[in-house]
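Asks: File name work-v7.txt; file contents compact mmCIF, C-alpha atoms; full text below.
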```
# COMPACT_ATOMS: atom_id res chain seq x y z
CA MET A 1 28.68 32.03 7.24
CA SER A 2 29.50 28.86 9.11
CA PHE A 3 32.30 27.71 11.44
CA SER A 4 32.64 24.06 12.38
CA LEU A 5 35.60 22.82 14.42
CA LYS A 6 35.63 19.02 14.68
CA LYS A 7 31.89 19.22 15.37
CA ASP A 8 32.67 20.43 18.91
CA LEU A 9 31.41 23.84 17.88
CA ILE A 10 29.09 24.99 15.10
CA ILE A 11 28.33 28.67 14.61
CA GLN A 12 26.23 29.45 11.57
CA ILE A 13 25.26 33.04 10.83
CA GLY A 14 22.80 33.47 8.00
CA ASN A 15 22.33 36.76 6.17
CA GLY A 16 19.59 36.88 3.57
CA ILE A 17 18.71 39.89 1.42
CA PHE A 18 15.43 39.54 -0.45
CA ALA A 19 14.22 42.15 -2.93
CA GLN A 20 11.16 42.78 -5.06
CA MET A 21 11.49 41.22 -8.50
CA GLY A 22 12.49 43.69 -11.19
CA THR A 23 14.56 45.91 -8.89
CA THR A 24 18.08 46.43 -10.22
CA PHE A 25 20.76 46.98 -7.58
CA ASP A 26 24.18 48.53 -7.89
CA ASP A 27 26.83 45.91 -8.70
CA ARG A 28 28.94 47.13 -5.78
CA TYR A 29 26.05 46.50 -3.41
CA ASN A 30 25.84 42.90 -4.62
CA LYS A 31 29.60 42.51 -4.21
CA LEU A 32 29.62 43.96 -0.71
CA ALA A 33 26.73 41.75 0.37
CA ARG A 34 28.53 38.72 -1.01
CA ASP A 35 32.09 39.50 0.16
CA LEU A 36 31.46 41.05 3.59
CA TYR A 37 28.32 39.24 4.72
CA GLN A 38 28.35 36.07 2.60
CA SER A 39 24.85 37.00 1.52
CA GLU A 40 23.33 36.59 -1.89
CA LEU A 41 20.73 39.07 -3.10
CA LYS A 42 17.62 37.11 -4.07
CA HIS A 43 14.74 38.58 -6.07
CA LEU A 44 11.21 37.47 -5.19
CA ASP A 45 7.74 38.55 -6.33
CA PHE A 46 6.33 40.08 -3.16
CA VAL A 47 3.45 41.68 -5.05
CA GLY A 48 2.38 38.99 -7.52
CA ASP A 49 3.13 35.87 -5.49
CA GLU A 50 3.36 36.60 -1.80
CA THR A 51 2.76 32.96 -0.80
CA THR A 52 5.76 31.67 -2.75
CA SER A 53 7.93 34.51 -1.46
CA VAL A 54 7.04 33.74 2.16
CA ARG A 55 7.65 30.03 1.59
CA PHE A 56 11.05 30.69 0.00
CA ILE A 57 12.23 32.93 2.88
CA ASN A 58 11.03 30.46 5.52
CA ASN A 59 12.69 27.53 3.73
CA TRP A 60 15.92 29.52 3.65
CA VAL A 61 15.64 30.13 7.40
CA ASN A 62 14.88 26.46 8.02
CA ASN A 63 18.00 25.39 6.10
CA GLN A 64 20.22 27.98 7.80
CA THR A 65 19.20 26.79 11.26
CA HIS A 66 19.34 23.04 10.55
CA GLY A 67 15.59 22.73 10.97
CA ARG A 68 15.50 24.45 14.37
CA ILE A 69 13.57 27.50 13.09
CA ALA A 70 10.73 26.61 10.78
CA ASP A 71 9.59 30.11 9.85
CA ILE A 72 10.34 33.76 10.41
CA VAL A 73 7.76 35.60 8.30
CA SER A 74 4.06 35.05 7.68
CA HIS A 75 3.31 38.07 5.51
CA VAL A 76 5.15 40.43 3.15
CA SER A 77 3.69 43.88 2.50
CA PRO A 78 3.23 44.73 -1.20
CA ASP A 79 5.13 47.96 -0.48
CA THR A 80 8.25 45.98 0.42
CA ILE A 81 11.19 46.49 -1.90
CA LEU A 82 13.91 45.04 0.34
CA MET A 83 13.89 42.57 3.24
CA ILE A 84 16.94 41.67 5.31
CA VAL A 85 16.83 38.47 7.40
CA ASN A 86 19.49 37.35 9.87
CA THR A 87 19.73 34.00 11.68
CA LEU A 88 22.14 32.57 14.21
CA TYR A 89 22.52 28.84 14.82
CA PHE A 90 24.83 27.81 17.63
CA ARG A 91 25.70 24.35 18.90
CA GLY A 92 28.63 23.73 21.23
CA LEU A 93 29.96 21.05 23.51
CA TRP A 94 30.91 22.06 27.02
CA GLU A 95 34.61 21.99 27.85
CA GLU A 96 33.65 20.25 31.09
CA PRO A 97 30.29 18.49 30.74
CA PHE A 98 27.39 18.67 33.14
CA GLN A 99 26.70 15.38 34.85
CA PRO A 100 23.57 13.94 33.23
CA LEU A 101 22.45 11.91 36.23
CA ALA A 102 22.66 15.00 38.44
CA THR A 103 19.93 16.80 36.50
CA ARG A 104 16.72 16.97 38.49
CA ASN A 105 13.84 19.36 39.18
CA ARG A 106 14.67 22.29 41.39
CA ARG A 107 12.76 25.44 42.33
CA PHE A 108 12.99 28.59 40.18
CA PHE A 109 11.93 31.98 41.61
CA PRO A 110 11.00 34.45 38.82
CA ASN A 111 10.02 37.11 41.38
CA GLY A 112 12.74 36.57 43.93
CA PRO A 113 13.10 34.02 46.78
CA ASP A 114 10.23 35.59 48.70
CA GLY A 115 8.03 36.36 45.68
CA PRO A 116 5.05 34.47 44.27
CA ASP A 117 4.68 32.08 41.32
CA SER A 118 7.77 29.91 41.81
CA PHE A 119 7.91 26.61 39.89
CA ASP A 120 10.06 23.53 39.31
CA ILE A 121 12.38 23.24 36.30
CA PRO A 122 15.05 20.68 35.27
CA MET A 123 18.33 22.00 36.67
CA MET A 124 21.72 20.73 35.49
CA ALA A 125 24.68 20.50 37.86
CA LYS A 126 28.46 20.26 37.79
CA SER A 127 31.49 21.16 39.91
CA HIS A 128 34.63 22.40 38.22
CA CYS A 129 37.12 25.26 38.05
CA MET A 130 35.53 28.17 36.19
CA PRO A 131 36.17 31.90 35.84
CA TYR A 132 34.25 33.85 38.49
CA TYR A 133 33.80 37.49 39.49
CA HIS A 134 31.72 39.31 42.09
CA TRP A 135 30.70 42.75 40.82
CA GLN A 136 30.42 44.17 44.30
CA GLU A 137 29.24 47.68 43.39
CA GLU A 138 26.05 46.16 41.95
CA ASP A 139 26.02 42.95 44.04
CA ILE A 140 26.05 40.84 40.87
CA ARG A 141 27.87 37.54 40.53
CA VAL A 142 29.28 36.40 37.19
CA VAL A 143 30.47 32.95 36.18
CA GLY A 144 31.98 31.83 32.87
CA VAL A 145 31.07 28.38 31.57
CA PRO A 146 33.50 27.45 28.77
CA TYR A 147 32.54 25.62 25.63
CA ARG A 148 35.21 23.95 23.57
CA GLN A 149 37.03 25.94 20.88
CA ASN A 150 37.34 29.28 22.68
CA VAL A 151 33.68 30.16 23.29
CA THR A 152 32.29 30.98 26.74
CA MET A 153 28.84 31.45 28.21
CA TYR A 154 28.81 34.19 30.85
CA ILE A 155 25.98 34.16 33.39
CA PHE A 156 25.19 37.42 35.22
CA LEU A 157 23.10 36.84 38.34
CA PRO A 158 22.05 39.58 40.78
CA MET A 159 21.70 38.54 44.40
CA ASN A 160 18.07 37.54 45.16
CA SER A 161 17.39 38.17 41.50
CA THR A 162 14.10 39.46 40.11
CA ARG A 163 12.97 40.69 36.69
CA GLU A 164 13.41 44.29 37.86
CA LEU A 165 16.97 43.68 39.06
CA VAL A 166 17.94 42.07 35.75
CA GLN A 167 16.44 44.94 33.78
CA SER A 168 18.33 47.41 35.94
CA MET A 169 21.52 45.40 35.38
CA GLN A 170 21.03 45.47 31.61
CA SER A 171 21.10 49.26 31.63
CA LYS A 172 24.59 49.11 33.16
CA ILE A 173 26.03 46.40 30.88
CA THR A 174 28.17 47.71 28.01
CA ALA A 175 30.81 46.09 25.82
CA GLU A 176 33.49 47.90 27.82
CA ARG A 177 31.96 46.72 31.09
CA VAL A 178 31.85 43.10 29.89
CA ASN A 179 35.49 43.25 28.78
CA ASP A 180 36.47 44.74 32.13
CA ILE A 181 34.61 42.03 34.07
CA VAL A 182 36.14 39.24 31.97
CA LYS A 183 39.64 40.62 32.62
CA LYS A 184 38.99 40.64 36.37
CA MET A 185 37.60 37.09 36.57
CA LYS A 186 39.60 34.54 38.58
CA MET A 187 39.52 30.77 38.36
CA LYS A 188 37.52 29.35 41.26
CA SER A 189 36.18 25.95 42.20
CA VAL A 190 32.48 26.38 41.42
CA THR A 191 29.44 24.21 41.95
CA LEU A 192 27.02 25.37 39.28
CA LEU A 193 23.30 24.62 39.12
CA PHE A 194 21.87 25.89 35.84
CA PRO A 195 18.51 25.47 34.07
CA LYS A 196 18.23 23.08 31.17
CA MET A 197 16.66 25.18 28.41
CA HIS A 198 15.65 25.42 24.79
CA ILE A 199 15.33 29.10 23.90
CA THR A 200 13.92 30.58 20.71
CA ASN A 201 13.49 34.28 20.20
CA SER A 202 12.28 36.44 17.35
CA VAL A 203 13.16 40.13 17.32
CA SER A 204 12.19 42.94 15.00
CA LEU A 205 15.42 44.83 14.56
CA LYS A 206 13.34 47.65 13.11
CA SER A 207 11.68 48.33 16.45
CA VAL A 208 14.99 47.89 18.30
CA LEU A 209 16.77 50.38 16.06
CA GLN A 210 13.90 52.83 16.33
CA GLN A 211 14.15 52.66 20.12
CA LEU A 212 17.82 53.59 19.67
CA GLY A 213 16.85 56.59 17.56
CA VAL A 214 17.21 55.17 14.03
CA TYR A 215 14.08 56.31 12.22
CA THR A 216 15.14 57.67 8.84
CA LEU A 217 16.21 54.27 7.51
CA PHE A 218 12.62 53.02 7.75
CA ASP A 219 10.91 56.24 6.60
CA ARG A 220 9.57 56.22 3.06
CA LYS A 221 10.01 60.00 2.72
CA ASP A 222 13.39 60.48 4.35
CA ALA A 223 15.35 57.25 3.74
CA ASP A 224 18.55 57.81 1.74
CA LEU A 225 19.03 54.41 0.09
CA TYR A 226 18.74 55.46 -3.54
CA ARG A 227 22.43 54.73 -4.16
CA LEU A 228 21.69 51.01 -3.90
CA LEU A 229 19.90 51.19 -7.25
CA THR A 230 21.57 51.46 -10.64
CA SER A 231 18.35 52.82 -12.09
CA LEU A 232 18.76 56.14 -10.24
CA ASN A 233 21.31 58.65 -11.46
CA ARG A 234 23.77 60.25 -9.07
CA TYR A 235 23.95 63.98 -9.26
CA SER A 236 27.05 65.54 -10.74
CA GLY A 237 29.53 67.84 -9.08
CA ASP A 238 30.91 67.64 -5.59
CA GLU A 239 29.08 65.08 -3.48
CA PRO A 240 29.76 63.12 -0.29
CA LEU A 241 31.85 60.01 -0.58
CA ASP A 242 29.59 57.19 -1.72
CA ILE A 243 28.64 54.80 1.10
CA LEU A 244 29.22 51.81 -1.16
CA ASP A 245 32.78 53.00 -1.76
CA VAL A 246 33.29 53.55 1.96
CA LEU A 247 32.22 50.00 2.82
CA GLN A 248 34.62 48.28 0.44
CA ASP A 249 37.31 46.16 2.10
CA THR A 250 40.38 48.24 1.20
CA LYS A 251 43.37 49.54 3.13
CA GLU A 252 42.45 53.09 2.13
CA ASN A 253 39.01 52.74 3.72
CA ALA A 254 40.52 51.27 6.88
CA ILE A 255 42.87 54.27 7.16
CA ARG A 256 40.00 56.69 6.48
CA GLN A 257 37.90 55.03 9.18
CA LEU A 258 40.74 55.22 11.70
CA GLN A 259 41.42 58.91 10.99
CA GLN A 260 37.74 59.77 11.29
CA GLN A 261 37.66 58.17 14.72
CA HIS A 262 40.93 59.66 16.00
CA GLU A 263 41.84 63.16 14.91
CA GLY A 264 45.56 63.52 14.22
CA CYS A 265 46.09 59.76 14.09
CA LEU A 266 49.54 58.76 12.83
CA VAL A 267 48.80 55.58 10.88
CA VAL A 268 51.07 52.57 11.22
CA GLU A 269 50.63 49.48 9.02
CA HIS A 270 51.03 45.93 10.31
CA ASN A 271 51.17 43.07 7.82
CA GLY A 272 50.59 39.42 8.58
CA ILE A 273 47.98 40.06 11.29
CA GLU A 274 44.55 38.45 10.97
CA ARG A 275 41.38 40.55 11.08
CA GLY A 276 40.23 39.28 14.49
CA GLU A 277 43.58 39.93 16.16
CA CYS A 278 43.80 43.36 14.51
CA LEU A 279 40.40 44.49 15.79
CA LYS A 280 41.29 43.36 19.30
CA LYS A 281 44.09 45.94 19.22
CA ASN A 282 41.59 48.77 18.58
CA CYS A 283 42.81 49.11 15.02
CA ALA A 284 41.11 48.91 11.62
CA TYR A 285 41.43 46.22 8.96
CA GLY A 286 41.14 46.43 5.18
CA GLY A 287 42.77 44.97 2.10
CA GLN A 288 44.42 42.26 4.24
CA THR A 289 46.28 44.98 6.16
CA CYS A 290 45.99 45.97 9.81
CA VAL A 291 46.32 49.72 10.38
CA CYS A 292 46.64 51.34 13.80
CA CYS A 293 47.29 54.73 15.31
CA ALA A 294 50.82 55.07 16.67
CA GLU A 295 49.33 55.34 20.17
CA GLY A 296 46.78 52.66 19.41
CA ASP A 297 46.72 51.18 22.91
CA ASP A 298 45.35 54.46 24.27
CA PHE A 299 42.41 54.62 21.88
CA ARG A 300 38.93 53.15 22.14
CA ARG A 301 37.90 51.93 18.75
CA ARG A 302 34.34 52.87 17.81
CA ARG A 303 32.66 52.05 14.53
CA ARG A 304 31.36 55.08 12.76
CA ARG A 305 30.22 55.14 9.19
CA GLN A 306 29.68 58.66 8.04
CA THR A 307 28.18 59.26 4.64
CA GLY A 308 28.25 63.05 4.91
CA THR A 309 25.41 65.50 4.51
CA GLY A 310 24.36 67.53 1.54
CA MET A 311 21.44 68.37 -0.66
CA MET A 312 19.91 65.20 -2.02
CA PRO A 313 18.98 64.90 -5.67
CA THR A 314 15.41 64.62 -6.76
CA LYS A 315 14.36 60.99 -6.69
CA ASN A 316 11.47 59.44 -8.54
CA GLU A 317 11.43 56.43 -6.28
CA SER A 318 11.39 55.98 -2.49
CA ILE A 319 13.82 53.38 -1.23
CA PHE A 320 13.55 52.46 2.44
CA VAL A 321 13.90 49.41 4.69
CA ASN A 322 10.52 47.92 5.47
CA GLU A 323 11.63 45.42 8.11
CA MET A 324 14.67 43.73 9.69
CA LEU A 325 14.05 40.38 11.34
CA HIS A 326 16.29 38.38 13.66
CA LYS A 327 15.53 34.95 15.08
CA VAL A 328 17.66 32.81 17.37
CA ASP A 329 17.50 29.16 18.45
CA LEU A 330 19.63 28.07 21.40
CA THR A 331 19.66 24.78 23.27
CA VAL A 332 21.37 24.50 26.66
CA ASN A 333 21.66 20.93 27.91
CA GLU A 334 24.15 18.19 28.81
CA ARG A 335 24.76 17.07 25.20
CA GLY A 336 28.11 15.60 24.47
CA THR A 337 28.63 14.37 28.01
CA GLU A 338 29.97 11.04 29.08
CA GLY A 339 29.35 10.07 32.66
CA GLY A 340 27.58 7.76 35.04
CA ALA A 341 26.47 7.41 38.61
CA ALA A 342 30.02 7.45 39.99
CA THR A 343 30.89 10.85 38.59
CA ALA A 344 27.43 12.32 39.19
CA THR A 345 27.75 11.86 42.93
CA LEU A 346 30.75 14.22 42.97
CA ILE A 347 28.37 17.14 42.77
CA ASP A 348 27.33 16.61 46.36
CA ARG A 349 30.75 15.57 47.65
CA ILE A 350 33.01 18.37 46.43
CA SER A 351 33.39 21.35 48.75
CA SER A 352 33.59 24.21 46.25
CA GLN A 353 34.76 27.74 46.87
CA ILE A 354 31.67 29.11 45.14
CA SER A 355 28.08 27.84 45.06
CA PHE A 356 26.39 29.39 42.01
CA ILE A 357 22.70 28.47 41.87
CA VAL A 358 20.84 30.04 38.94
CA ASN A 359 17.35 29.87 40.42
CA GLY A 360 16.11 33.35 39.43
CA PRO A 361 16.12 35.66 36.37
CA PHE A 362 19.57 36.09 34.83
CA LEU A 363 21.46 37.55 31.92
CA MET A 364 23.27 35.24 29.52
CA LEU A 365 26.04 36.17 27.09
CA ILE A 366 27.76 33.68 24.79
CA ARG A 367 30.99 35.17 23.44
CA GLU A 368 33.68 34.10 20.98
CA GLU A 369 36.83 34.97 22.88
CA THR A 370 39.25 35.68 20.02
CA THR A 371 37.12 38.44 18.53
CA ARG A 372 35.04 39.17 21.68
CA LEU A 373 32.02 38.83 19.40
CA PRO A 374 28.73 38.23 21.27
CA LEU A 375 26.97 35.30 19.61
CA PHE A 376 23.94 35.38 21.88
CA TYR A 377 22.83 37.92 24.44
CA GLY A 378 19.62 38.08 26.38
CA ALA A 379 17.79 38.11 29.68
CA VAL A 380 16.04 34.92 30.79
CA TYR A 381 13.09 35.49 33.10
CA ASN A 382 11.42 32.12 32.68
CA PRO A 383 13.56 29.13 31.53
CA LYS A 384 10.40 27.23 30.59
```
What is this file in C-alpha cells?
Replies:
Amino acid sequence: MSFSLKKDLIIQIGNGIFAQMGTTFDDRYNKLARDLYQSELKHLDFVGDETTSVRFINNWVNNQTHGRIADIVSHVSPDTILMIVNTLYFRGLWEEPFQPLATRNRRFFPNGPDGPDSFDIPMMAKSHCMPYYHWQEEDIRVVGVPYRQNVTMYIFLPMNSTRELVQSMQSKITAERVNDIVKKMKMKSVTLLFPKMHITNSVSLKSVLQQLGVYTLFDRKDADLYRLLTSLNRYSGDEPLDILDVLQDTKENAIRQLQQQHEGCLVVEHNGIERGECLKKNCAYGGQTCVCCAEGDDFRRRRRRQTGTGMMPTKNESIFVNEMLHKVDLTVNERGTEGGAATATLIDRISSQISFIVNGPFLMLIREETTRLPLFYGAVYNPK
C-alpha cells in the first residue's frame, strides 16, 4: 500500500503473507488479505529450500522499503506454516525546512543534564510557528513539526529528560491522551533544535503481543486458525459466526460491529462519506457506507472482533502463527530544504516564545492527521 503526493510525501506500508508450499487456504482468506491489506499470499518451501525462502522474503522487504531495509529474516523454522511480515517506509518533506547551514554538533544528555555519558550529535535548527503544548501535570512539553500533505511529527520531551522519565511517560500515553493533547496545542513561535537521525528498528510483534496477553495465537495446541484452511472441514450445526465472514467489508458487518460495541445502538447510515472521515466520527465503515449510532458523538469507538466461543471440532492439523515481524526505516534530516547563510542566521536572531531543545531522551510520534493513524511511534534514547 503506497501513497505518494507530488513526491512531497511517500508512505509505503508493505504486508506480506508467506506460507509453506502445499498449504491450501480458504478463498475468502486470500480475498481479505488482498482487498483489506493489499497483500498477496505467497507460497514458499520453508522445509525443502529454506535459503531460497529467506532470500525471497528479504528481497520483498528490500523492494518495499526502496532499498532502505536489506533483510528482515535470517532463518525460517521447518515448523513454520505461515509468516506475516509488515514494513513501513516513510519519506516526507518538512512544511518549513530546517536551515542546513545551522546544523552543527551539540551536546546530548542520555542520562539527564547532570548525568554521565553525554556526547555530541549533529543537531538541526529552525525557528517557525509550530503547534505547542505544555502538559503541566507531568511536566512534559510537546511540539508538532509539520510535514507537507497533512502529516505531523510530535515530539514529547520531559523536563530534564532521562530514559526513566521517558519510560514513565510512555505508560501514560494513550490514543485518547494524544488526541486530547493535539486538540489543546496552540501555535507558538518556536526555536527548535532537533537531532539529525537515521533510525532503523526491528520488532518481533509476537513478543509484543505476548506481553499484552495474546498467547493462544502462537500456541501450537490452542491456536484456533483452522478456518483459514480449505482442507479442514467445519463442523455442522450451530456454530459461531465465521471470522472470515466477520472481516468482510460489508455494511452488515459494519452495523454488527457497531452494535457489539454499543448496546442498544440506533444505527444511522451516511452515504458519500469516505472511510477516513467516517472513522474520525467514531462510526464504522463497510460496503462504502458509513454507519453511526444516533448519539455517535457520545461514544468512544473501540475495535473488537469477537469470534464467539464454543466447542472446537477435532482437528488433524495444528495451525498457529510462528512469528510476526515488523521493521521500520526512518530518516530525519534537512532534505528538501532550500536555504543559505542569510536565512540560517535567523536562528540566532529571532526571539521566539518557546525554546525547544531536544538534547535528552524523547518520544516521537509521526501521525497522519486525517485518519489520526500513527505511522511511526517510538522512544529515542540515543540518536546515534
Asks: Could you tell me which of A:Ile72, A:Leu365, A:Val61, A:Ile357 comes closest to Lys126 in chain A if we count only C-alpha atoms?
Replies: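 Ranked by minimum distance to Lys126 in chain A, first place goes to A:Ile357.
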Asks: Rounded to one decimal in Å, what is the spacing between CA of Pro374 in chain A and CA of Pro100 in chain A?
Replies: 27.6 Å
Asks: Counting all atoms listed in the file, select every polymer residue within 7 Å of (8.2, 29.3, 6.8) as defined in the file's coordinates, and provide the selection as a list of chain:residue names.
Replies: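 Residues close enough to count: A:Val54, A:Arg55, A:Ile57, A:Asn58, A:Asn59, A:Ala70, A:Asp71, A:Ile72, A:Val73.
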Asks: Could you state the separation of CA of Met169 in chain A and CA of Leu9 in chain A in Å, given to one decimal place?
Replies: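 Between CA of Met169 in chain A and CA of Leu9 in chain A the gap is 29.5 Å.
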Asks: Provide the CA of Arg104 in chain A to CA of Asp139 in chain A distance in Å, to one decimal place.
Replies: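 Taking CA of Arg104 in chain A and CA of Asp139 in chain A, their separation equals 28.1 Å.
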Asks: Can you tell me which residues surround range 206-211 of chain A at a distance of at most 10 Å, considering all atoms listed in the file, apart from same-chain residues fewer than 3 positions away, and format the answer as a PyMOL selection string?
Replies: chain A and resi 203+214-218+321-326
Asks: Convert the current residue selection to file output with C-alpha atoms, as a tab-separated table (two decimals), in the coordinates of the input.
Replies:
```
chain	number	residue	atom	x	y	z
A	203	VAL	CA	13.16	40.13	17.32
A	214	VAL	CA	17.21	55.17	14.03
A	215	TYR	CA	14.08	56.31	12.22
A	216	THR	CA	15.14	57.67	8.84
A	217	LEU	CA	16.21	54.27	7.51
A	218	PHE	CA	12.62	53.02	7.75
A	321	VAL	CA	13.90	49.41	4.69
A	322	ASN	CA	10.52	47.92	5.47
A	323	GLU	CA	11.63	45.42	8.11
A	324	MET	CA	14.67	43.73	9.69
A	325	LEU	CA	14.05	40.38	11.34
A	326	HIS	CA	16.29	38.38	13.66
```
Asks: Pick the closest to Thr152 in chain A from A:Cys129, A:Ile199, A:Leu32, A:Leu375: which is it, counting only C-alpha atoms?
Replies: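 With only C-alpha atoms as the atom set, the closest residue is A:Leu375.
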Asks: Around the point (32.4, 26.1, 41.5) (coordinates from the file), which residues reach within 7 Å if we count all atoms listed in the file? Answer as a PyMOL selection string.
Replies: chain A and resi 127-130+188-192+352-356
Asks: Please write the residues from the selection above to a file, keeping C-alpha atoms, as a CSV table (one decimal), in the coordinates of the input.
Replies:
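Output contents, as saved in selection-v3.csv:
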```csv
chain,number,residue,atom,x,y,z
A,127,SER,CA,31.5,21.2,39.9
A,128,HIS,CA,34.6,22.4,38.2
A,129,CYS,CA,37.1,25.3,38.0
A,130,MET,CA,35.5,28.2,36.2
A,188,LYS,CA,37.5,29.4,41.3
A,189,SER,CA,36.2,26.0,42.2
A,190,VAL,CA,32.5,26.4,41.4
A,191,THR,CA,29.4,24.2,42.0
A,192,LEU,CA,27.0,25.4,39.3
A,352,SER,CA,33.6,24.2,46.2
A,353,GLN,CA,34.8,27.7,46.9
A,354,ILE,CA,31.7,29.1,45.1
A,355,SER,CA,28.1,27.8,45.1
A,356,PHE,CA,26.4,29.4,42.0
```
Asks: Would you mind telling me which residue in A:Pro116, A:Gly16, A:Gly67, A:Gly264 lies nearest to Lys42 in chain A when using all atoms listed in the file?
Replies: A:Gly16
Asks: Just want the 9 Å neighbourhood of Pro122 in chain A, counted on only C-alpha atoms, with same-chain residues fewer than 5 positions away dropped. Output as a PyMOL selection string.
Replies: chain A and resi 103-107+194-197
Asks: So, counting all atoms listed in the file, which residue among A:Gln12, A:Tyr132, A:Thr51, A:Tyr381 is closest to Gln38 in chain A?
Replies: A:Gln12
Asks: Find, counting all atoms listed in the file, the residue in A:Gln149, A:Thr371, A:Ser204, A:Thr289 that gets nearest to Asn179 in chain A.
Replies: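 Answer, going by the shortest atom-to-atom distance: A:Thr371.
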Asks: Please rebuild range 95-102 of chain A with all heavy atoms and give the result as a compact mmCIF listing (two decimals), in the frame of the given file.
Replies:
```txt
# COMPACT_ATOMS: atom_id res chain seq x y z
N GLU A 95 33.24 22.42 27.59
CA GLU A 95 34.61 21.99 27.85
C GLU A 95 34.62 20.95 28.97
O GLU A 95 35.33 19.94 28.91
CB GLU A 95 35.46 23.20 28.23
CG GLU A 95 36.92 22.90 28.45
CD GLU A 95 37.71 24.15 28.77
OE1 GLU A 95 37.77 24.52 29.95
OE2 GLU A 95 38.22 24.77 27.81
N GLU A 96 33.84 21.21 30.00
CA GLU A 96 33.65 20.25 31.09
C GLU A 96 32.16 19.96 31.18
O GLU A 96 31.37 20.85 31.52
CB GLU A 96 34.17 20.82 32.41
CG GLU A 96 33.98 19.90 33.61
CD GLU A 96 34.85 18.65 33.53
OE1 GLU A 96 35.90 18.70 32.86
OE2 GLU A 96 34.48 17.64 34.16
N PRO A 97 31.73 18.76 30.85
CA PRO A 97 30.29 18.49 30.74
C PRO A 97 29.57 18.54 32.08
O PRO A 97 30.15 18.33 33.14
CB PRO A 97 30.24 17.07 30.16
CG PRO A 97 31.53 16.45 30.56
CD PRO A 97 32.55 17.55 30.55
N PHE A 98 28.27 18.86 31.99
CA PHE A 98 27.39 18.67 33.14
C PHE A 98 27.18 17.18 33.33
O PHE A 98 27.25 16.39 32.37
CB PHE A 98 26.04 19.36 32.90
CG PHE A 98 26.09 20.85 33.03
CD1 PHE A 98 26.40 21.64 31.93
CD2 PHE A 98 25.84 21.47 34.24
CE1 PHE A 98 26.44 23.01 32.03
CE2 PHE A 98 25.88 22.85 34.36
CZ PHE A 98 26.19 23.63 33.25
N GLN A 99 26.90 16.79 34.55
CA GLN A 99 26.70 15.38 34.85
C GLN A 99 25.23 15.01 34.60
O GLN A 99 24.35 15.52 35.30
CB GLN A 99 27.08 15.08 36.31
CG GLN A 99 28.48 15.52 36.67
CD GLN A 99 29.54 14.80 35.86
OE1 GLN A 99 29.33 13.69 35.39
NE2 GLN A 99 30.68 15.44 35.70
N PRO A 100 24.95 14.18 33.62
CA PRO A 100 23.57 13.94 33.23
C PRO A 100 22.69 13.36 34.33
O PRO A 100 21.51 13.67 34.43
CB PRO A 100 23.69 12.97 32.05
CG PRO A 100 25.04 12.38 32.17
CD PRO A 100 25.91 13.41 32.79
N LEU A 101 23.26 12.53 35.18
CA LEU A 101 22.45 11.91 36.23
C LEU A 101 22.22 12.86 37.41
O LEU A 101 21.47 12.54 38.33
CB LEU A 101 23.11 10.62 36.73
CG LEU A 101 23.23 9.51 35.68
CD1 LEU A 101 23.79 8.25 36.31
CD2 LEU A 101 21.87 9.23 35.04
N ALA A 102 22.87 14.03 37.37
CA ALA A 102 22.66 15.00 38.44
C ALA A 102 21.54 15.98 38.10
O ALA A 102 21.15 16.78 38.95
CB ALA A 102 23.95 15.78 38.70
```
